[in-house]
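Remarks on the structure that follows.
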Amino acid sequence: MADNSFSDGVPSDSLEAAKSATATEKLTDQVMQNPQVLAALQERLDSVSHTPSSYIETLPKAVKRRINALKQLQVKCAHIEAKFYEEVHDLERKYAALYQPLFDKRREFVTGDVEPTDAESEWHSENEEEDKLAGDMKNKAVIAENEAATAEEPNPKGIPEFWFTIFRNVDMLSELVQEYDEPILKHLQDIKVIFSEPGQPMSFILEFHFEPNEYFTNTVLTKTYKMKSEPDKADPFSFEGPEIVDCDGCTIDWKKGKNVTVKTIKKKQKHKGRGTVRTITKQVPNDSFFNFFNPLKASGDGESLDEDSEFTLASDFEIGHFFRERIVPRAVLYFTGEAIEDEDNFEEGEEGEEEELEGDEEAEEDDADVNPKKEPGQPSECKQQ
């Protein structure tokens with residue numbers, strides 16, 4: 001019997017495979033020429049969500065090479081931006097020296113070391129005219145009573161509890177203050193911001209000046225915030241300006257029995273062998289604003305902080321920034337509450353805009369019901385602005 005496994009020297013299996021491949025190609029050509037099939041494939045492709053990174057991966061190597069060049073330029077821009085912020089810090093230092101004489105006078109008025117002149121104490125309020133008219137009406141009837149009251153009215157020294165009132169008015173600070181902190185903060189006379197010297201690493205110091213008191217011997221408590229104003233080598237595109245990266249506190253020299261950052265607890269211990277019980281006292285940490293001067297240290301050994309520690313550190317940095325940018329420059333407005341009212345009004349305005357936007361959307365929906373969709377080519381009506 002003849003062997004049919006070969007035909008003209010070509011294995012029969014190869015012939016069958018070639019015929020199958022040819023048939024598949026023909027079927028594919030027929031399918032791809034079908035407009036309905038092509039439309040279905042295109043729709044399927046369009047439905048797939050494309051991320052920017054997936055799009056970049058599809059680009060030719062030559063284009064990717066140019067994109068890398070753009071990233072090199074972006075890194076150089078980040079370094080120039082860092083230099084810009086360094087010069088801003090120099091300007092802050094320069095103008096801090098111009099502000100300081102005014103802040104020194106503020107301290108003198110607050111402490112009562114200096115009494116403001118009539119010209120210095122003159123201030124025109126927004127409601128001054130209304131107050132003046134109301135006052136004129138009342139003056140005739142109560143002039144004698146007012147004179148007597150003025151004579152008896154107390155005249156305390158300076159502005160009592162100025163900084164303590166600010167702590168009480170600002171939520172971010174009042175949350176840190178415990179009841180036993182309050183009498184200590186009433187001795188606070190001034191808060192200063194000191195910027196780092198030229199050529200030194202970027203930083204600022206908060207100085208809390210206290211009058212002599214029965215709680216500690218320090219006259220000044222300090223908190224130093226260290227800053228970084230350079231792009232991270234591992235992630236240069238994340239640079240958005242100077243950031244606080246660490247902080248140092250100071251040692252408070254508490255007088256005996258006055259340390260509010262610790263509390264003494266009593267604990268009973270039972271002897272394992274004899275069964276006798278003894279009571280021991282132990283000091284444990286206590287919530288207090290003055291823990292502000294014993295901050296958590298940022299991890300510098302490569303170990304990551306836990307979530308609670310990161311939150312605590314971020315809150316500390318935020319408070320330090322708030323003292324520097326808001327409290328110290330605008331202290332009187334936080335004392336009177338005007339700065340807080342301005343912030344509240346700003347937040348309400350944002351909510352109001354959102355509500356107004358929702359109203360506009362509802363109005364558009366209503367308008368769509370009243371004015372049905374127009375046919376193409378039909379002129380649309382103009383809306384009043």
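In the structure tokens, chains take letters A, B, ... by order of appearance, with residues numbered from 1 within each chain and ligands from 1 in the order shown.
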
Stretch 154-208 of chain A near stretch 256-276 of chain A within 10 Å: what's each residue's closest atom pair and its distance in Å to one decimal, counting only C-alpha atoms, ordered by chain then ascending residue number, as JSON lines?
```
{"residue": "A:Gln178", "atom": "CA", "partner": "A:Val260", "partner_atom": "CA", "distance": 9.4}
{"residue": "A:Tyr180", "atom": "CA", "partner": "A:Val260", "partner_atom": "CA", "distance": 7.1}
{"residue": "A:Asp181", "atom": "CA", "partner": "A:Val260", "partner_atom": "CA", "distance": 7.3}
{"residue": "A:Ile184", "atom": "CA", "partner": "A:Val260", "partner_atom": "CA", "distance": 9.7}
```

Preceding selection exported with C-alpha atoms as a compact mmCIF listing (two decimals), in the first residue's frame:
```txt
# COMPACT_ATOMS: atom_id res chain seq x y z
CA GLN A 178 -7.56 72.56 79.62
CA TYR A 180 -5.97 74.03 84.61
CA ASP A 181 -4.06 75.72 81.73
CA ILE A 184 -1.20 80.04 83.44
```

Go through stretch 28-120 of chain A residue by residue and, counting only C-alpha atoms, keep those with an atom at most 10 Å from stretch 321-331 of chain A; for each kept residue give the shortest atom pair and its distance in Å to one decimal, ordered by chain and increasing number, as a Markdown table.
```
| residue | atom | partner | partner_atom | distance |
| --- | --- | --- | --- | --- |
| A:Ala96 | CA | A:Pro329 | CA | 9.7 |
| A:Tyr99 | CA | A:Pro329 | CA | 8.6 |
| A:Gln100 | CA | A:Pro329 | CA | 10.0 |
| A:Phe103 | CA | A:Pro329 | CA | 8.3 |
| A:Arg106 | CA | A:Ala331 | CA | 9.4 |
```

Between A:Ile194, A:Ala119, A:Met202, A:Ile252, which is the closest to A:Lys228 once you count only C-alpha atoms? A:Met202

Considering only C-alpha atoms, return as a list in words whatever protein or nucleic-acid residues lie within 10 Å of stretch 209-217 of chain A, sequence-local ones (same chain, fewer than 3 positions apart) excluded.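 The residues satisfying every condition are Thr111, Pro183, Ile184, Leu185, Lys186, His187, Leu188, Gln189, Asp190, Ile191, Lys192, Leu206, Val220, Leu221, Thr222, Ile252, Asp253, Trp254, Lys255, Lys256, Gly257, Lys258, Asn259 and Val260 of chain A.
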
Residues from the last selection, N, CA, C and O atoms, saved as a JSON list (two decimals), in the first residue's frame:
```json
[["chain", "number", "residue", "atom", "x", "y", "z"],
["A", 111, "THR", "N", 0.19, 95.28, 78.11],
["A", 111, "THR", "CA", 0.67, 95.09, 79.48],
["A", 111, "THR", "C", 0.41, 96.30, 80.37],
["A", 111, "THR", "O", 0.48, 96.20, 81.59],
["A", 183, "PRO", "N", -5.34, 79.56, 84.12],
["A", 183, "PRO", "CA", -4.66, 80.56, 84.96],
["A", 183, "PRO", "C", -3.22, 80.81, 84.54],
["A", 183, "PRO", "O", -2.68, 81.90, 84.77],
["A", 184, "ILE", "N", -2.58, 79.83, 83.90],
["A", 184, "ILE", "CA", -1.20, 80.04, 83.44],
["A", 184, "ILE", "C", -1.19, 80.95, 82.22],
["A", 184, "ILE", "O", -0.38, 81.89, 82.12],
["A", 185, "LEU", "N", -2.10, 80.70, 81.28],
["A", 185, "LEU", "CA", -2.14, 81.51, 80.05],
["A", 185, "LEU", "C", -2.53, 82.95, 80.32],
["A", 185, "LEU", "O", -2.25, 83.83, 79.50],
["A", 186, "LYS", "N", -3.15, 83.21, 81.45],
["A", 186, "LYS", "CA", -3.48, 84.59, 81.79],
["A", 186, "LYS", "C", -2.23, 85.41, 82.09],
["A", 186, "LYS", "O", -2.28, 86.64, 82.14],
["A", 187, "HIS", "N", -1.10, 84.73, 82.27],
["A", 187, "HIS", "CA", 0.18, 85.42, 82.49],
["A", 187, "HIS", "C", 0.93, 85.67, 81.18],
["A", 187, "HIS", "O", 2.01, 86.25, 81.20],
["A", 188, "LEU", "N", 0.39, 85.20, 80.05],
["A", 188, "LEU", "CA", 1.04, 85.38, 78.75],
["A", 188, "LEU", "C", 0.93, 86.84, 78.32],
["A", 188, "LEU", "O", -0.16, 87.40, 78.26],
["A", 189, "GLN", "N", 2.07, 87.46, 78.03],
["A", 189, "GLN", "CA", 2.10, 88.89, 77.70],
["A", 189, "GLN", "C", 2.35, 89.18, 76.22],
["A", 189, "GLN", "O", 1.98, 90.25, 75.73],
["A", 190, "ASP", "N", 2.97, 88.23, 75.52],
["A", 190, "ASP", "CA", 3.28, 88.51, 74.11],
["A", 190, "ASP", "C", 3.66, 87.21, 73.41],
["A", 190, "ASP", "O", 4.12, 86.26, 74.04],
["A", 191, "ILE", "N", 3.45, 87.19, 72.09],
["A", 191, "ILE", "CA", 3.93, 86.11, 71.23],
["A", 191, "ILE", "C", 4.67, 86.75, 70.06],
["A", 191, "ILE", "O", 4.14, 87.64, 69.41],
["A", 192, "LYS", "N", 5.88, 86.27, 69.81],
["A", 192, "LYS", "CA", 6.69, 86.83, 68.72],
["A", 192, "LYS", "C", 7.06, 85.74, 67.73],
["A", 192, "LYS", "O", 7.15, 84.55, 68.08],
["A", 206, "LEU", "N", 8.66, 80.55, 67.42],
["A", 206, "LEU", "CA", 7.59, 81.21, 68.15],
["A", 206, "LEU", "C", 8.06, 81.42, 69.58],
["A", 206, "LEU", "O", 8.46, 80.47, 70.26],
["A", 220, "VAL", "N", 10.40, 83.06, 78.93],
["A", 220, "VAL", "CA", 10.10, 82.85, 77.51],
["A", 220, "VAL", "C", 10.09, 81.35, 77.22],
["A", 220, "VAL", "O", 11.03, 80.63, 77.58],
["A", 221, "LEU", "N", 9.02, 80.87, 76.59],
["A", 221, "LEU", "CA", 8.95, 79.50, 76.10],
["A", 221, "LEU", "C", 9.03, 79.56, 74.58],
["A", 221, "LEU", "O", 8.41, 80.42, 73.95],
["A", 222, "THR", "N", 9.80, 78.65, 73.98],
["A", 222, "THR", "CA", 10.03, 78.72, 72.53],
["A", 222, "THR", "C", 9.63, 77.43, 71.83],
["A", 222, "THR", "O", 9.66, 76.34, 72.41],
["A", 252, "ILE", "N", 10.46, 73.27, 80.08],
["A", 252, "ILE", "CA", 9.76, 74.17, 80.99],
["A", 252, "ILE", "C", 10.21, 73.85, 82.42],
["A", 252, "ILE", "O", 10.12, 72.70, 82.87],
["A", 253, "ASP", "N", 10.72, 74.85, 83.09],
["A", 253, "ASP", "CA", 11.20, 74.67, 84.46],
["A", 253, "ASP", "C", 10.04, 74.89, 85.43],
["A", 253, "ASP", "O", 9.84, 75.98, 85.98],
["A", 254, "TRP", "N", 9.28, 73.82, 85.62],
["A", 254, "TRP", "CA", 8.10, 73.90, 86.48],
["A", 254, "TRP", "C", 8.49, 74.03, 87.94],
["A", 254, "TRP", "O", 9.45, 73.41, 88.40],
["A", 255, "LYS", "N", 7.73, 74.81, 88.66],
["A", 255, "LYS", "CA", 7.91, 74.89, 90.10],
["A", 255, "LYS", "C", 7.26, 73.65, 90.74],
["A", 255, "LYS", "O", 6.41, 73.00, 90.14],
["A", 256, "LYS", "N", 7.68, 73.34, 91.92],
["A", 256, "LYS", "CA", 7.26, 72.11, 92.58],
["A", 256, "LYS", "C", 5.74, 72.01, 92.68],
["A", 256, "LYS", "O", 5.07, 72.92, 93.17],
["A", 257, "GLY", "N", 5.21, 70.89, 92.16],
["A", 257, "GLY", "CA", 3.78, 70.64, 92.25],
["A", 257, "GLY", "C", 2.94, 71.42, 91.27],
["A", 257, "GLY", "O", 1.70, 71.36, 91.33],
["A", 258, "LYS", "N", 3.56, 72.12, 90.30],
["A", 258, "LYS", "CA", 2.81, 72.99, 89.38],
["A", 258, "LYS", "C", 2.80, 72.47, 87.94],
["A", 258, "LYS", "O", 2.21, 73.11, 87.07],
["A", 259, "ASN", "N", 3.44, 71.34, 87.68],
["A", 259, "ASN", "CA", 3.54, 70.82, 86.32],
["A", 259, "ASN", "C", 2.19, 70.25, 85.88],
["A", 259, "ASN", "O", 1.76, 69.19, 86.35],
["A", 260, "VAL", "N", 1.52, 70.95, 84.97],
["A", 260, "VAL", "CA", 0.18, 70.52, 84.54],
["A", 260, "VAL", "C", 0.24, 69.49, 83.41],
["A", 260, "VAL", "O", -0.80, 68.98, 82.99]]
```

What is the distance between atom CA of A:Ser238 and atom CA of A:Phe204, in Å to one decimal?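 Between these atoms lies a distance of 22.9 Å.
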
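Here atom CA of A:Leu173 and atom CA of A:Ser288 stand 11.2 Å from one another.
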
May I ask which of the residues A:Ser125, A:Thr219, A:Gln72, A:Asn286 is the closest one to A:Leu176, counting only C-alpha atoms?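 Result for the nearest residue to A:Leu176: A:Asn286.
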
Go through stretch 39-270 of chain A and collect every residue that DSSP, computed from the backbone, puts in strand (DSSP E or B); the answer should be as a PyMOL selection string. chain A and resi 188-195+203-210+216+220-228+243-248+254+262-270

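Take atom CA of A:Arg66 and atom CA of A:Phe237: the distance between them is 17.5 Å.
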
Surrounding residues of A:Gly337 excluding itself and chain neighbours under 3 positions, 12 Å, only C-alpha atoms, as a PyMOL selection string: chain A and resi 162+165-171+327+330-334+340-344

Give the answer as one residue: which of A:Phe208, A:Ala40, A:Phe195, A:Val75 has the shortest atom-to-atom distance to A:Tyr95, using only C-alpha atoms?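 Once distances to A:Tyr95 are computed over only C-alpha atoms, the minimum belongs to A:Phe195.
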
For a quick check of understanding, using only C-alpha atoms, which of A:Lys94, A:Ala339, A:Ala82, A:Ile56 has the smallest distance to A:Glu197? A:Lys94
